Amino acid sequence: MKSDLADLAFFGGPAAFDRPLLVGRPNRIDRAKLYERLDRALDSGWLSNGGPLVQEFEQRVAELAGVRHAVATCNATVALQLLVHGAGLTGEVIMPSMTFAATAHAVSWLGLTPVFADIDPHTGTLDPERAAAAVTSRTSALLGVHLWGRPCAPDGLRKVADEHGLPLFFDAAHALGCAVDGRPAGSLGDAEVFSFHATKAVNAFEGGAVVTDDAEFAARVRALHNFGAGLSGAGPAGGTNAKMSEAAAAMGLTSLEAFPEVVVCNRRNHAAYRAELADLPGVRVADHDSHGINNHQYVVIEIDAETAGFHRDVLRDVLLAEHVHTRAYFSPACHQLEPYRRSRHAPLPHTEHMAERVLALPTGTSVGDDEIRRIGEVIRLCARQGPDLTARYRATPPSPAVATPTIGRTR
Ligand code: T4K
């Protein structure tokens, strides 16, 4: 039991955990089923190029997204590029800055300019009014992001898109299985992109998908993701290799089977964090339920440093010393990152405010009540003694553990 600041590992006490707890730990799957699928692929001698497992995966993803077409890809970043290229976008694309760098990078990699517009401070997603204010003669699309699985305001953004004759797309990397007003993420835009990265609720080791109801667009994206094979007539030429392999689809299908259980576990974890951290001054667990149906893959707390007496980064370092590896999704915000720091955009006060506060905590199937109780104990101790914590933190030189914030990475 940690009851005094001296008990914190950051100040020399024993760490709360003897193994690291990670945000983004892959969720549990039935390995026997994965191996069975991999055996099937190996036995069939068909390992890529739209094999049976990829076809089945695409069908399952389209069903979940409530659309007719899904094109599985090797990751979501490339899927976003296929979407941008396939839609023939040029000039500027309006998007939030409160997102992973991939959203902006996918656009700028193709020579277009990401134009950041501010978020709604209550939802964290692109504010339709701010998006409207960012439209210029060079704008070719709106690209919302379903942050932490919270679906964007689809009707408000659709209105802006329609008024300006623009397509509306969504980066739905976090949002598989999420929905708003009964409409699943994936069906809200003209096309959307899911991620099946290892850290996502459903993973294919690495993977992504473009989903859409537009048969012609799906066919174009399908061709573009396979060297442009079969492309004819007007529209973007060329192509790339963005195909999902059968091994990835084997994992994706197995992970999809586990998805309902993952959501139950994530919901339970989210509720447990809320109970542990209820009524702490300046500490708030971001609620997802008032923003539609969520897969709860991201448990995010927001720290108001003024009220709490400590900054989010202090808590991040304190937790890291306890072997709890958090992630500030998403801080810095994209416009604060290279190569966008000098880009032209309207003021983004709500984005900057939120980016300064957020911290994602470990959840998923590798985390249970006991871990959450012990993480809660550390955060409550910090919240009880915020100003003292900050003073002591400032007087403590960083330890090697704090200087190494990631596992398996050199960054
Ligand atoms: N749009 C949005 C809104 C996104 O959030 C993302 C990706 C994309 C687009 C692009 O999707 P992909 O092209 O990746 O399909 C991680 C993921 O790599 C990234 O996919 C994800 N978003 C982002 C939110 O998180 P980092 O830089 O935080 O990764 P890293 O290596 O620091 O790992 C994060 C945590 O996960 C750590 O605690 C370690 C843990 N981890 C990671 C891996 C890879 C594991 O426990 N096992 C693993 O296998 O980006």
# chains A, B, ... in the order shown; residues from 1 in each chain; ligands from 1
call {"tool": "residues_around", "arguments": {"residues": "Leu34 (chain A)", "least_positions_apart": "3", "cutoff": "7 Å", "atoms": "only C-alpha atoms", "output": "PyMOL selection string"}}
result
chain A and resi 30-31+37-38+250-251+254
call {"tool": "residues_near_ligand", "arguments": {"ligand": "ligand 1", "cutoff": "8 Å", "atoms": "only C-alpha atoms and all ligand atoms", "output": "mmCIF file with C-alpha atoms, in the first residue's frame"}}
result
data_model
loop_
_atom_site.group_PDB
_atom_site.id
_atom_site.type_symbol
_atom_site.label_atom_id
_atom_site.label_comp_id
_atom_site.auth_asym_id
_atom_site.auth_seq_id
_atom_site.Cartn_x
_atom_site.Cartn_y
_atom_site.Cartn_z
ATOM 1 C CA LEU A 21 2.112 -2.753 -17.915
ATOM 2 C CA LEU A 22 1.713 -1.291 -21.381
ATOM 3 C CA VAL A 23 -0.809 0.787 -23.229
ATOM 4 C CA GLY A 24 -1.269 -0.985 -26.536
ATOM 5 C CA ARG A 25 -0.566 -4.549 -25.374
ATOM 6 C CA PRO A 26 -2.131 -6.815 -28.030
ATOM 7 C CA CYS A 74 -0.984 -3.744 -45.031
ATOM 8 C CA ASN A 75 -1.597 -0.859 -42.595
ATOM 9 C CA ALA A 76 -3.905 2.118 -42.093
ATOM 10 C CA THR A 77 -1.391 4.785 -43.084
ATOM 11 C CA VAL A 78 -1.157 3.354 -46.576
ATOM 12 C CA ALA A 79 -4.929 2.842 -46.571
ATOM 13 C CA LEU A 80 -5.310 6.591 -45.962
ATOM 14 C CA THR A 99 -4.631 12.781 -34.001
ATOM 15 C CA PHE A 100 -1.721 10.458 -34.631
ATOM 16 C CA ALA A 101 0.899 11.807 -37.038
ATOM 17 C CA ALA A 102 -0.185 9.159 -39.574
ATOM 18 C CA THR A 103 -3.330 11.116 -40.505
ATOM 19 C CA VAL A 145 -10.796 11.406 -36.990
ATOM 20 C CA HIS A 146 -12.873 9.246 -34.636
ATOM 21 C CA LEU A 147 -10.557 10.032 -31.721
ATOM 22 C CA TRP A 148 -10.335 7.177 -29.145
ATOM 23 C CA ASP A 171 -9.811 8.177 -40.181
ATOM 24 C CA ALA A 172 -11.528 5.441 -38.174
ATOM 25 C CA ALA A 173 -8.265 3.821 -37.039
ATOM 26 C CA HIS A 174 -9.537 3.599 -33.432
ATOM 27 C CA PHE A 194 -9.597 1.281 -40.027
ATOM 28 C CA SER A 195 -6.298 0.236 -38.478
ATOM 29 C CA PHE A 196 -5.529 -3.320 -37.445
ATOM 30 C CA HIS A 197 -2.164 -2.501 -35.926
ATOM 31 C CA ALA A 198 -0.958 -4.680 -33.034
ATOM 32 C CA THR A 199 -2.100 -2.032 -30.538
ATOM 33 C CA LYS A 200 -5.676 -1.839 -31.805
ATOM 34 C CA PHE A 205 -0.179 -7.788 -36.589
ATOM 35 C CA GLU A 206 -0.174 -4.821 -38.989
ATOM 36 C CA GLY A 207 -3.158 -4.034 -41.157
ATOM 37 C CA GLY A 208 -5.734 -1.564 -42.317
ATOM 38 C CA HIS A 325 3.924 2.651 -19.474
ATOM 39 C CA THR A 326 1.330 5.249 -20.411
ATOM 40 C CA ARG A 327 1.004 7.142 -23.701
ATOM 41 C CA TYR A 329 -2.394 10.175 -27.167
ATOM 42 C CA PHE A 330 -2.048 12.709 -28.746
ATOM 43 C CA THR A 406 9.415 2.717 -24.553
ATOM 44 C CA ILE A 407 10.005 -0.986 -24.650
ATOM 45 C CA GLY A 408 11.575 -2.597 -27.680
ATOM 46 C CA ARG A 409 12.237 0.777 -29.233
#
call {"tool": "select_by_dssp", "arguments": {"residues": "region 191-360 of chain A", "states": "alpha helix (DSSP H)", "output": "MDAnalysis selection string"}}
result
chainID A and resid 215:224 246:276 305:308 312:321 349:355
call {"tool": "closest_residue", "arguments": {"among": "A:Gly186, A:Gly239, A:Pro347, A:Pro332", "to": "Ala62 (chain A)", "atoms": "only C-alpha atoms"}}
result
A:Gly186
call {"tool": "residues_around", "arguments": {"residues": "region 155-169 of chain A", "least_positions_apart": "3", "cutoff": "9 Å", "atoms": "only C-alpha atoms", "output": "list in words"}}
result
Leu83, Ala87, Leu126, Asp127, Pro128, Glu129, Ala131, Ala132, Val135, Thr139, Ser140, Ala141, Leu142, Leu143, Gly144, Val145, Cys152, Leu188, Gly189, Asp190, Ala191, Glu192 and Val193 of chain A
call {"tool": "closest_atom_pairs", "arguments": {"of": "region 306-366 of chain A", "to": "region 261-282 of chain A", "cutoff": "8 Å", "atoms": "only C-alpha atoms", "output": "Markdown table"}}
result
| residue | atom | partner | partner_atom | distance |
| --- | --- | --- | --- | --- |
| A:Glu306 | CA | A:Gly282 | CA | 7.4 |
| A:Thr307 | CA | A:Gly282 | CA | 4.7 |
| A:Ala308 | CA | A:Gly282 | CA | 4.3 |
| A:Gly309 | CA | A:Gly282 | CA | 8.0 |
| A:Thr363 | CA | A:Asn266 | CA | 6.4 |
| A:Gly364 | CA | A:Asn266 | CA | 5.4 |
| A:Thr365 | CA | A:Cys265 | CA | 6.3 |
call {"tool": "residues_around", "arguments": {"residues": "Ala117 (chain A)", "least_positions_apart": "3", "cutoff": "8 Å", "atoms": "only C-alpha atoms", "output": "ChimeraX atom specification"}}
result
/A:94-97,126-127,130-131,134,345-346,348
call {"tool": "residues_around", "arguments": {"residues": "Ile293 (chain A)", "least_positions_apart": "2", "cutoff": "8 Å", "atoms": "only C-alpha atoms", "output": "list in words"}}
result
Arg150, Gly177, Cys178, Ala179, Val180, His288, Asp289, His291 and Asn295 of chain A
call {"tool": "closest_residue", "arguments": {"among": "A:Ala218, A:Leu8, A:Val324, A:Leu253", "to": "Gly86 (chain A)", "atoms": "only C-alpha atoms"}}
result
A:Ala218
call {"tool": "select_by_dssp", "arguments": {"residues": "region 213-290 of chain A", "states": "strand (DSSP E or B)", "output": "ChimeraX atom specification"}}
result
/A:226,241,243,283-285
call {"tool": "residues_around", "arguments": {"residues": "region 47-49 of chain A", "least_positions_apart": "5", "cutoff": "10 Å", "atoms": "only C-alpha atoms", "output": "ChimeraX atom specification"}}
result
/A:38,40-42,54-55,225-226,241-249
call {"tool": "write_last_selection", "arguments": {"atoms": "N, CA and C atoms", "output": "PDB file, in the first residue's frame"}}
result
ATOM      1  N   LEU A  38      -3.236 -20.395 -40.089  1.00  0.00           N
ATOM      2  CA  LEU A  38      -1.922 -20.288 -40.732  1.00  0.00           C
ATOM      3  C   LEU A  38      -1.577 -21.603 -41.438  1.00  0.00           C
ATOM      4  N   ARG A  40      -3.679 -23.666 -42.670  1.00  0.00           N
ATOM      5  CA  ARG A  40      -4.518 -23.737 -43.869  1.00  0.00           C
ATOM      6  C   ARG A  40      -3.886 -22.938 -45.015  1.00  0.00           C
ATOM      7  N   ALA A  41      -3.401 -21.751 -44.684  1.00  0.00           N
ATOM      8  CA  ALA A  41      -2.781 -20.917 -45.724  1.00  0.00           C
ATOM      9  C   ALA A  41      -1.531 -21.601 -46.272  1.00  0.00           C
ATOM     10  N   LEU A  42      -0.712 -22.130 -45.363  1.00  0.00           N
ATOM     11  CA  LEU A  42       0.523 -22.769 -45.812  1.00  0.00           C
ATOM     12  C   LEU A  42       0.211 -23.996 -46.663  1.00  0.00           C
ATOM     13  N   VAL A  54      -8.009 -13.263 -46.645  1.00  0.00           N
ATOM     14  CA  VAL A  54      -8.201 -11.808 -46.812  1.00  0.00           C
ATOM     15  C   VAL A  54      -9.630 -11.524 -47.265  1.00  0.00           C
ATOM     16  N   GLN A  55     -10.124 -12.339 -48.169  1.00  0.00           N
ATOM     17  CA  GLN A  55     -11.516 -12.117 -48.635  1.00  0.00           C
ATOM     18  C   GLN A  55     -12.509 -12.243 -47.479  1.00  0.00           C
ATOM     19  N   HIS A 225      -4.285  -0.672 -54.777  1.00  0.00           N
ATOM     20  CA  HIS A 225      -3.510  -1.363 -53.734  1.00  0.00           C
ATOM     21  C   HIS A 225      -2.785  -2.594 -54.291  1.00  0.00           C
ATOM     22  N   ASN A 226      -3.015  -2.848 -55.582  1.00  0.00           N
ATOM     23  CA  ASN A 226      -2.362  -3.980 -56.237  1.00  0.00           C
ATOM     24  C   ASN A 226      -1.728  -3.512 -57.546  1.00  0.00           C
ATOM     25  N   ASN A 241       1.860  -1.296 -53.855  1.00  0.00           N
ATOM     26  CA  ASN A 241       1.575  -2.599 -53.250  1.00  0.00           C
ATOM     27  C   ASN A 241       1.186  -2.356 -51.811  1.00  0.00           C
ATOM     28  N   ALA A 242      -0.099  -2.423 -51.516  1.00  0.00           N
ATOM     29  CA  ALA A 242      -0.588  -2.184 -50.149  1.00  0.00           C
ATOM     30  C   ALA A 242      -1.402  -3.383 -49.674  1.00  0.00           C
ATOM     31  N   LYS A 243      -1.139  -4.540 -50.254  1.00  0.00           N
ATOM     32  CA  LYS A 243      -1.996  -5.698 -49.970  1.00  0.00           C
ATOM     33  C   LYS A 243      -1.771  -6.257 -48.565  1.00  0.00           C
ATOM     34  N   MET A 244      -2.830  -6.807 -48.019  1.00  0.00           N
ATOM     35  CA  MET A 244      -2.724  -7.548 -46.754  1.00  0.00           C
ATOM     36  C   MET A 244      -2.348  -8.991 -47.091  1.00  0.00           C
ATOM     37  N   SER A 245      -1.486  -9.577 -46.276  1.00  0.00           N
ATOM     38  CA  SER A 245      -1.092 -10.972 -46.519  1.00  0.00           C
ATOM     39  C   SER A 245      -2.104 -11.919 -45.875  1.00  0.00           C
ATOM     40  N   GLU A 246      -2.036 -13.186 -46.253  1.00  0.00           N
ATOM     41  CA  GLU A 246      -2.912 -14.191 -45.640  1.00  0.00           C
ATOM     42  C   GLU A 246      -2.574 -14.374 -44.160  1.00  0.00           C
ATOM     43  N   ALA A 247      -1.290 -14.255 -43.813  1.00  0.00           N
ATOM     44  CA  ALA A 247      -0.907 -14.402 -42.396  1.00  0.00           C
ATOM     45  C   ALA A 247      -1.562 -13.299 -41.570  1.00  0.00           C
ATOM     46  N   ALA A 248      -1.540 -12.076 -42.105  1.00  0.00           N
ATOM     47  CA  ALA A 248      -2.167 -10.955 -41.390  1.00  0.00           C
ATOM     48  C   ALA A 248      -3.674 -11.181 -41.279  1.00  0.00           C
ATOM     49  N   ALA A 249      -4.276 -11.665 -42.358  1.00  0.00           N
ATOM     50  CA  ALA A 249      -5.726 -11.901 -42.318  1.00  0.00           C
ATOM     51  C   ALA A 249      -6.066 -13.023 -41.343  1.00  0.00           C
TER      52      ALA A 249
END
